[in-house]
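Trainee: See coords-v5.txt below, with compact mmCIF, N, CA and C atoms and all ligand atoms.
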# COMPACT_ATOMS: atom_id res chain seq x y z
N MET O 16 62.66 -5.99 57.75
CA MET O 16 63.49 -5.00 58.47
C MET O 16 63.67 -3.75 57.64
N LYS O 17 64.04 -3.97 56.35
CA LYS O 17 64.22 -2.84 55.44
C LYS O 17 62.94 -2.02 55.33
N GLN O 18 61.83 -2.77 55.26
CA GLN O 18 60.52 -2.14 55.13
C GLN O 18 60.26 -1.19 56.30
N ILE O 19 60.54 -1.68 57.53
CA ILE O 19 60.30 -0.87 58.73
C ILE O 19 61.14 0.39 58.70
N LYS O 20 62.39 0.26 58.27
CA LYS O 20 63.29 1.41 58.22
C LYS O 20 62.73 2.46 57.26
N ARG O 21 62.25 1.96 56.11
CA ARG O 21 61.73 2.90 55.12
C ARG O 21 60.51 3.63 55.67
N ILE O 22 59.67 2.88 56.37
CA ILE O 22 58.46 3.49 56.94
C ILE O 22 58.83 4.54 57.99
N SER O 23 59.84 4.21 58.83
CA SER O 23 60.17 5.19 59.87
C SER O 23 60.84 6.42 59.27
N ASN O 24 61.60 6.22 58.16
CA ASN O 24 62.16 7.37 57.46
C ASN O 24 61.06 8.26 56.92
N LEU O 25 60.07 7.63 56.33
CA LEU O 25 58.93 8.38 55.80
C LEU O 25 58.25 9.16 56.92
N PHE O 26 58.14 8.49 58.07
CA PHE O 26 57.50 9.11 59.23
C PHE O 26 58.26 10.37 59.66
N ILE O 27 59.59 10.26 59.71
CA ILE O 27 60.41 11.41 60.12
C ILE O 27 60.27 12.55 59.11
N ILE O 28 60.34 12.19 57.84
CA ILE O 28 60.24 13.22 56.80
C ILE O 28 58.89 13.94 56.86
N SER O 29 57.83 13.17 57.04
CA SER O 29 56.53 13.83 57.06
C SER O 29 56.38 14.70 58.31
N ASN O 30 57.00 14.27 59.41
CA ASN O 30 56.97 15.11 60.61
C ASN O 30 57.72 16.41 60.39
N LEU O 31 58.89 16.31 59.73
CA LEU O 31 59.67 17.52 59.44
C LEU O 31 58.86 18.48 58.58
N LEU O 32 58.21 17.91 57.59
CA LEU O 32 57.38 18.73 56.70
C LEU O 32 56.29 19.45 57.50
N PHE O 33 55.68 18.68 58.38
CA PHE O 33 54.59 19.23 59.18
C PHE O 33 55.09 20.38 60.06
N ILE O 34 56.25 20.17 60.70
CA ILE O 34 56.80 21.21 61.58
C ILE O 34 57.16 22.46 60.78
N SER O 35 57.79 22.25 59.60
CA SER O 35 58.19 23.44 58.83
C SER O 35 56.95 24.18 58.32
N LEU O 36 55.91 23.44 58.00
CA LEU O 36 54.67 24.10 57.59
C LEU O 36 54.14 24.97 58.73
N LEU O 37 54.19 24.40 59.94
CA LEU O 37 53.72 25.15 61.11
C LEU O 37 54.54 26.43 61.28
N LEU O 38 55.87 26.28 61.19
CA LEU O 38 56.76 27.43 61.38
C LEU O 38 56.51 28.50 60.33
N PHE O 39 56.56 28.10 59.04
CA PHE O 39 56.41 29.10 57.99
C PHE O 39 54.99 29.65 57.96
N GLY O 40 54.05 28.76 58.22
CA GLY O 40 52.65 29.19 58.26
C GLY O 40 52.46 30.30 59.27
N SER O 41 53.07 30.13 60.46
CA SER O 41 52.84 31.14 61.50
C SER O 41 53.60 32.43 61.19
N CYS O 42 54.76 32.32 60.50
CA CYS O 42 55.49 33.52 60.12
C CYS O 42 54.64 34.37 59.20
N GLU O 43 53.99 33.67 58.24
CA GLU O 43 53.22 34.41 57.26
C GLU O 43 52.06 35.14 57.91
N LYS O 44 51.46 34.49 58.90
CA LYS O 44 50.32 35.08 59.58
C LYS O 44 50.68 36.40 60.25
N HIS O 45 51.92 36.47 60.77
CA HIS O 45 52.31 37.65 61.52
C HIS O 45 53.16 38.62 60.71
N SER O 46 53.22 38.40 59.40
CA SER O 46 54.06 39.29 58.60
C SER O 46 53.52 40.72 58.68
N TYR O 47 54.44 41.68 58.63
CA TYR O 47 54.09 43.07 58.85
C TYR O 47 53.87 43.77 57.52
N LEU O 48 52.72 44.36 57.38
CA LEU O 48 52.38 45.02 56.12
C LEU O 48 52.57 46.53 56.28
N VAL O 49 53.46 47.12 55.48
CA VAL O 49 53.67 48.56 55.56
C VAL O 49 52.69 49.23 54.60
N GLU O 50 51.83 50.03 55.17
CA GLU O 50 50.87 50.75 54.34
C GLU O 50 51.52 52.01 53.81
N THR O 51 51.39 52.26 52.55
CA THR O 51 51.97 53.49 52.01
C THR O 51 50.91 54.27 51.26
N VAL O 52 51.17 55.56 51.13
CA VAL O 52 50.23 56.42 50.43
C VAL O 52 50.80 56.68 49.04
N ASN O 53 49.97 56.59 48.05
CA ASN O 53 50.41 56.86 46.69
C ASN O 53 50.45 58.37 46.47
N PRO O 54 51.66 58.94 46.18
CA PRO O 54 51.78 60.38 46.03
C PRO O 54 50.93 60.93 44.88
N GLY O 55 50.50 60.03 43.98
CA GLY O 55 49.66 60.46 42.87
C GLY O 55 48.21 60.68 43.31
N ASP O 56 47.82 60.09 44.44
CA ASP O 56 46.45 60.26 44.93
C ASP O 56 46.26 61.67 45.43
N SER O 57 45.07 62.21 45.21
CA SER O 57 44.83 63.53 45.75
C SER O 57 44.38 63.37 47.21
N ILE O 58 45.07 64.08 48.09
CA ILE O 58 44.83 63.93 49.53
C ILE O 58 43.97 65.08 50.03
N SER O 59 42.93 64.73 50.76
CA SER O 59 42.00 65.75 51.24
C SER O 59 42.20 66.00 52.74
N LEU O 60 42.11 67.26 53.11
CA LEU O 60 42.23 67.61 54.52
C LEU O 60 41.13 66.91 55.33
N GLN O 61 39.90 67.04 54.84
CA GLN O 61 38.76 66.50 55.59
C GLN O 61 38.82 64.99 55.76
N THR O 62 39.05 64.27 54.64
CA THR O 62 38.91 62.82 54.73
C THR O 62 40.21 62.08 55.05
N ASP O 63 41.36 62.69 54.76
CA ASP O 63 42.62 61.98 54.98
C ASP O 63 43.42 62.52 56.16
N VAL O 64 43.57 63.84 56.22
CA VAL O 64 44.48 64.43 57.19
C VAL O 64 43.79 64.70 58.54
N GLN O 65 42.58 65.24 58.49
CA GLN O 65 41.90 65.57 59.75
C GLN O 65 41.75 64.36 60.69
N PRO O 66 41.40 63.17 60.15
CA PRO O 66 41.31 62.01 61.05
C PRO O 66 42.62 61.74 61.80
N VAL O 67 43.77 62.04 61.17
CA VAL O 67 45.06 61.86 61.85
C VAL O 67 45.19 62.91 62.96
N PHE O 68 44.86 64.16 62.67
CA PHE O 68 44.90 65.22 63.69
C PHE O 68 43.99 64.84 64.86
N THR O 69 42.78 64.39 64.51
CA THR O 69 41.79 64.07 65.54
C THR O 69 42.28 62.91 66.41
N ASP O 70 42.89 61.94 65.77
CA ASP O 70 43.34 60.76 66.50
C ASP O 70 44.60 61.03 67.31
N LYS O 71 45.56 61.78 66.75
CA LYS O 71 46.89 61.87 67.35
C LYS O 71 47.25 63.23 67.94
N CYS O 72 46.51 64.28 67.65
CA CYS O 72 46.99 65.62 68.03
C CYS O 72 46.09 66.37 69.01
N ILE O 73 44.79 66.11 68.97
CA ILE O 73 43.91 67.00 69.74
C ILE O 73 43.88 66.67 71.23
N GLY O 74 44.65 65.66 71.62
CA GLY O 74 44.85 65.47 73.05
C GLY O 74 45.49 66.73 73.64
N CYS O 75 46.30 67.42 72.85
CA CYS O 75 46.98 68.64 73.29
C CYS O 75 46.52 69.87 72.52
N HIS O 76 46.28 69.72 71.21
CA HIS O 76 46.02 70.89 70.36
C HIS O 76 44.55 71.25 70.27
N THR O 77 44.04 71.88 71.31
CA THR O 77 42.64 72.31 71.30
C THR O 77 42.54 73.83 71.30
N GLY O 78 43.66 74.50 71.04
CA GLY O 78 43.63 75.97 70.95
C GLY O 78 43.77 76.66 72.29
N SER O 79 43.88 75.90 73.35
CA SER O 79 44.11 76.52 74.66
C SER O 79 45.33 75.84 75.30
N GLY O 80 45.72 76.31 76.44
CA GLY O 80 46.88 75.70 77.11
C GLY O 80 48.17 76.06 76.39
N THR O 81 49.18 75.19 76.52
CA THR O 81 50.49 75.50 75.94
C THR O 81 50.51 75.28 74.44
N ALA O 82 49.74 74.33 73.94
CA ALA O 82 49.71 74.07 72.51
C ALA O 82 48.59 74.90 71.87
N LYS O 83 48.94 76.11 71.48
CA LYS O 83 47.94 77.08 70.98
C LYS O 83 47.32 76.69 69.64
N LEU O 84 48.07 75.95 68.87
CA LEU O 84 47.56 75.50 67.57
C LEU O 84 46.33 74.63 67.79
N ASP O 85 45.24 74.96 67.08
CA ASP O 85 43.98 74.22 67.24
C ASP O 85 43.83 73.23 66.09
N LEU O 86 43.92 71.96 66.39
CA LEU O 86 43.84 70.96 65.31
C LEU O 86 42.53 70.18 65.31
N ARG O 87 41.50 70.77 65.98
CA ARG O 87 40.21 70.09 65.98
C ARG O 87 39.53 70.24 64.62
N ALA O 88 38.64 69.29 64.31
CA ALA O 88 37.90 69.33 63.04
C ALA O 88 37.19 70.68 62.92
N GLY O 89 37.27 71.28 61.75
CA GLY O 89 36.61 72.57 61.51
C GLY O 89 37.46 73.76 61.93
N LYS O 90 38.50 73.52 62.73
CA LYS O 90 39.35 74.61 63.22
C LYS O 90 40.77 74.51 62.66
N SER O 91 41.18 73.31 62.28
CA SER O 91 42.59 73.07 61.97
C SER O 91 43.12 73.92 60.82
N TYR O 92 42.33 74.05 59.75
CA TYR O 92 42.85 74.76 58.58
C TYR O 92 43.16 76.22 58.92
N ALA O 93 42.19 76.92 59.48
CA ALA O 93 42.38 78.33 59.80
C ALA O 93 43.53 78.51 60.78
N SER O 94 43.60 77.62 61.76
CA SER O 94 44.64 77.75 62.78
C SER O 94 46.03 77.55 62.19
N LEU O 95 46.17 76.53 61.33
CA LEU O 95 47.47 76.27 60.69
C LEU O 95 47.85 77.43 59.77
N LEU O 96 46.86 77.95 59.03
CA LEU O 96 47.12 79.01 58.06
C LEU O 96 47.48 80.32 58.78
N ASN O 97 46.67 80.69 59.77
CA ASN O 97 46.89 81.95 60.48
C ASN O 97 48.23 81.99 61.20
N ARG O 98 48.68 80.84 61.65
CA ARG O 98 49.98 80.81 62.33
C ARG O 98 51.14 80.67 61.36
N GLY O 99 50.83 80.55 60.07
CA GLY O 99 51.89 80.43 59.06
C GLY O 99 52.58 79.08 59.09
N PHE O 100 51.92 78.06 59.64
CA PHE O 100 52.56 76.75 59.77
C PHE O 100 52.54 75.92 58.49
N ILE O 101 51.71 76.35 57.50
CA ILE O 101 51.68 75.59 56.23
C ILE O 101 52.13 76.48 55.07
N THR O 102 52.91 77.53 55.39
CA THR O 102 53.43 78.44 54.38
C THR O 102 54.95 78.46 54.45
N PRO O 103 55.66 78.27 53.34
CA PRO O 103 55.13 77.81 52.04
C PRO O 103 54.75 76.33 52.13
N PRO O 104 53.85 75.88 51.23
CA PRO O 104 53.41 74.49 51.31
C PRO O 104 54.46 73.52 50.76
N ASP O 105 55.56 73.42 51.47
CA ASP O 105 56.58 72.44 51.07
C ASP O 105 57.30 71.92 52.32
N SER O 106 58.40 71.22 52.13
CA SER O 106 59.04 70.54 53.26
C SER O 106 59.72 71.50 54.24
N THR O 107 59.66 72.80 53.98
CA THR O 107 60.27 73.76 54.92
C THR O 107 59.24 74.36 55.88
N CYS O 108 57.96 74.08 55.65
CA CYS O 108 56.96 74.72 56.52
C CYS O 108 56.97 74.08 57.92
N THR O 109 56.47 74.84 58.89
CA THR O 109 56.57 74.42 60.30
C THR O 109 55.84 73.11 60.58
N LEU O 110 54.66 72.93 59.97
CA LEU O 110 53.92 71.68 60.21
C LEU O 110 54.77 70.48 59.81
N PHE O 111 55.33 70.59 58.62
CA PHE O 111 56.16 69.51 58.08
C PHE O 111 57.40 69.26 58.95
N VAL O 112 58.11 70.34 59.24
CA VAL O 112 59.36 70.22 60.00
C VAL O 112 59.07 69.66 61.40
N THR O 113 57.97 70.11 62.00
CA THR O 113 57.62 69.65 63.35
C THR O 113 57.34 68.15 63.35
N ILE O 114 56.54 67.70 62.39
CA ILE O 114 56.18 66.28 62.33
C ILE O 114 57.40 65.40 62.08
N TYR O 115 58.24 65.81 61.15
CA TYR O 115 59.40 64.99 60.82
C TYR O 115 60.53 65.17 61.82
N GLY O 116 60.41 66.17 62.68
CA GLY O 116 61.42 66.38 63.70
C GLY O 116 61.14 65.54 64.94
N GLY O 117 60.09 64.69 64.89
CA GLY O 117 59.77 63.86 66.05
C GLY O 117 59.08 64.66 67.13
N HIS O 118 57.89 65.17 66.84
CA HIS O 118 57.10 65.92 67.81
C HIS O 118 56.47 64.95 68.80
N TYR O 119 55.63 65.44 69.69
CA TYR O 119 55.07 64.62 70.77
C TYR O 119 54.30 63.39 70.28
N ALA O 120 53.55 63.54 69.18
CA ALA O 120 52.69 62.44 68.74
C ALA O 120 53.50 61.37 68.01
N THR O 121 53.13 60.11 68.19
CA THR O 121 53.77 59.03 67.46
C THR O 121 52.93 58.74 66.22
N LEU O 122 53.43 59.14 65.10
CA LEU O 122 52.68 58.96 63.86
C LEU O 122 53.20 57.74 63.10
N LEU O 123 52.28 57.00 62.49
CA LEU O 123 52.68 55.89 61.62
C LEU O 123 53.20 56.49 60.32
N ASP O 124 53.98 55.72 59.59
CA ASP O 124 54.55 56.20 58.33
C ASP O 124 53.46 56.70 57.37
N ASN O 125 52.39 55.93 57.27
CA ASN O 125 51.37 56.35 56.30
C ASN O 125 50.61 57.59 56.77
N GLU O 126 50.58 57.83 58.08
CA GLU O 126 49.95 59.07 58.58
C GLU O 126 50.84 60.27 58.25
N LYS O 127 52.14 60.09 58.45
CA LYS O 127 53.09 61.16 58.09
C LYS O 127 52.99 61.47 56.61
N GLN O 128 52.95 60.39 55.82
CA GLN O 128 52.91 60.57 54.36
C GLN O 128 51.67 61.34 53.92
N LYS O 129 50.53 61.05 54.57
CA LYS O 129 49.30 61.75 54.20
C LYS O 129 49.47 63.25 54.42
N ILE O 130 50.04 63.62 55.57
CA ILE O 130 50.23 65.03 55.89
C ILE O 130 51.22 65.66 54.91
N LEU O 131 52.32 64.96 54.68
CA LEU O 131 53.34 65.46 53.74
C LEU O 131 52.74 65.71 52.36
N ILE O 132 52.00 64.72 51.85
CA ILE O 132 51.47 64.85 50.49
C ILE O 132 50.41 65.95 50.44
N TRP O 133 49.60 66.06 51.49
CA TRP O 133 48.60 67.14 51.54
C TRP O 133 49.32 68.50 51.48
N VAL O 134 50.41 68.64 52.20
CA VAL O 134 51.16 69.90 52.21
C VAL O 134 51.70 70.21 50.82
N VAL O 135 52.40 69.26 50.21
CA VAL O 135 53.03 69.55 48.92
C VAL O 135 52.01 69.64 47.78
N GLN O 136 50.79 69.18 48.02
CA GLN O 136 49.75 69.37 47.01
C GLN O 136 49.09 70.73 47.19
N GLY O 137 49.70 71.57 48.01
CA GLY O 137 49.23 72.95 48.13
C GLY O 137 48.56 73.29 49.45
N ALA O 138 48.49 72.33 50.39
CA ALA O 138 47.87 72.54 51.70
C ALA O 138 46.56 73.29 51.57
N GLN O 139 45.63 72.68 50.84
CA GLN O 139 44.35 73.35 50.58
C GLN O 139 43.27 72.93 51.57
N ASN O 140 42.27 73.81 51.66
CA ASN O 140 41.15 73.52 52.55
C ASN O 140 40.16 72.63 51.78
N ASN O 141 40.60 71.38 51.55
CA ASN O 141 39.79 70.51 50.68
C ASN O 141 39.21 69.31 51.41
C1 LIG R 1 51.45 65.73 74.16
C2 LIG R 1 50.98 66.98 73.62
C3 LIG R 1 51.08 67.21 72.12
C4 LIG R 1 50.67 66.38 71.11
C5 LIG R 1 50.04 65.01 71.19
C6 LIG R 1 50.94 67.11 69.89
N1 LIG R 1 51.48 68.32 70.16
FE1 LIG R 1 52.04 69.73 68.80
N2 LIG R 1 52.67 70.96 70.30
C7 LIG R 1 52.54 70.69 71.65
C8 LIG R 1 53.00 71.85 72.40
C9 LIG R 1 53.02 71.96 73.91
C10 LIG R 1 53.43 72.82 71.45
C11 LIG R 1 53.94 74.23 71.71
C12 LIG R 1 55.27 74.23 72.29
C13 LIG R 1 56.26 73.62 71.34
O1 LIG R 1 56.44 74.13 70.22
O2 LIG R 1 56.91 72.63 71.74
C14 LIG R 1 53.21 72.22 70.13
C15 LIG R 1 53.53 72.84 68.95
C16 LIG R 1 53.20 72.36 67.70
C17 LIG R 1 53.47 73.03 66.46
C18 LIG R 1 54.14 74.37 66.31
C19 LIG R 1 55.63 74.26 66.40
C20 LIG R 1 56.30 75.61 66.45
O3 LIG R 1 57.47 75.64 66.04
O4 LIG R 1 55.70 76.58 66.90
C21 LIG R 1 52.98 72.25 65.45
C22 LIG R 1 53.00 72.54 63.97
C23 LIG R 1 52.41 71.07 66.08
N3 LIG R 1 52.57 71.16 67.43
C24 LIG R 1 51.81 70.06 65.39
C25 LIG R 1 51.32 68.90 65.99
C26 LIG R 1 50.67 67.83 65.24
C27 LIG R 1 50.42 67.84 63.75
C28 LIG R 1 50.36 66.88 66.16
C29 LIG R 1 49.71 65.54 65.90
C30 LIG R 1 50.30 64.74 64.83
C31 LIG R 1 50.79 67.33 67.46
N4 LIG R 1 51.37 68.56 67.31
C32 LIG R 1 50.65 66.61 68.63
C33 LIG R 1 52.04 69.54 72.21
C34 LIG R 1 51.58 68.43 71.52
The structure given in the file should be rewritten as structure tokens.
Mentor:
Amino acid sequence: MKQIKRISNLFIISNLLFISLLLFGSCEKHSYLVETVNPGDSISLQTDVQPVFTDKCIGCHTGSGTAKLDLRAGKSYASLLNRGFITPPDSTCTLFVTIYGGHYATLLDNEKQKILIWVVQGAQNN
């Protein structure tokens, strides 16, 4: 009798273990990874920032219509510069203020960071 009780206790414990493994295992699988940009990295307009413009902005910013700013590849730098949107290249410039003010596009944190770091690194045509 004692033997049976011990076996069924073992059975319950191993089942509990199995269930908790399932629970924690699945939590880990769906854990959310926040991607961040290292401010020490040098950020390039062409390889880092333009893909964000192309992905999130040119639905509206093609230089015509109501959004006059042209953010298409090859056009974005001149358009931002000529409109004075990246002058001075710090957190007071229009590009920066617009993005952080919650403009039309939904940007991920790491996309915002890329633009921010590109601006404070001098907003160069790099
Ligand atoms: C759904 C359309 C839409 C999207 C997407 C969009 N914009 Fe705009 N944006 C506009 C319009 C319209 C204006 C001009 C009117 C205004 O200022 O609200 C504008 C104006 C701006 C201005 C100038 C603000 C000023 O004060 O004159 C900047 C800078 C800008 N957008 C940047 C961006 C960037 C960067 C993205 C992508 C991350 C983006 N926009 C995505 C529609 C859009």
Trainee: Within 7 Å of ligand LIG 1 (chain R), counting all atoms listed in the file: which residues, as a PyMOL selection string?
Mentor: chain O and resi 67-68+70-76+80-84+100+109-111+113-114+118-122
Trainee: CA of Pro103 in chain O and atom C of Asp63 in chain O, how far apart in Å?
Mentor: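 Taking atom C of Asp63 in chain O as the start and CA of Pro103 in chain O as the end point, the length is 19.7 Å.
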Trainee: Near Cys108 in chain O, within 12 Å and counting only C-alpha atoms, which residues show up once chain neighbours fewer than 2 positions away are dropped, as a list in words?
Mentor: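 Surrounding residues, per the criterion: Leu95, Leu96, Arg98, Gly99, Phe100, Ile101, Thr102, Pro103, Pro104, Asp105, Ser106, Leu110, Phe111, Val112, Thr113, Ile114, Tyr115, Gly116, Ile130, Leu131, Val134, Val135, Gly137 and Ala138 of chain O.
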Trainee: Which residue gives the smallest distance to Ala88 in chain O among O:Gln128, O:Val52, O:Ser57, O:Thr62, with only C-alpha atoms counted?
Mentor: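 Among O:Gln128, O:Val52, O:Ser57, O:Thr62, it is O:Thr62 that comes nearest to Ala88 in chain O.
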Trainee: Please indicate the distance in Å from CA of Asn125 in chain O to CA of Tyr92 in chain O, rounded to one decimal place.
Mentor: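 So the answer is 20.4 Å.
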Trainee: Quote the spacing between CA of Gln61 in chain O and CA of Asn140 in chain O in Å to one decimal place.
Mentor: 8.0 Å
Trainee: Between O:Gln139, O:Ser94, O:Thr69, O:Lys129, single out the one closest to Gly55 in chain O, counting only C-alpha atoms.
Mentor: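 For Gly55 in chain O, the nearest of the given residues is O:Lys129.
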Trainee: Could you tell me which of O:Thr107, O:Thr51, O:Ser59, O:Gln65 comes closest to Arg87 in chain O if we count only N, CA and C atoms?
Mentor: O:Gln65
Trainee: Pick out each residue of range 35-141 of chain O that DSSP on the backbone tags as helix (DSSP H, G or I); I need them as a ChimeraX atom specification.
Mentor: /O:35-44,60-71,91-97,109-115,124-135
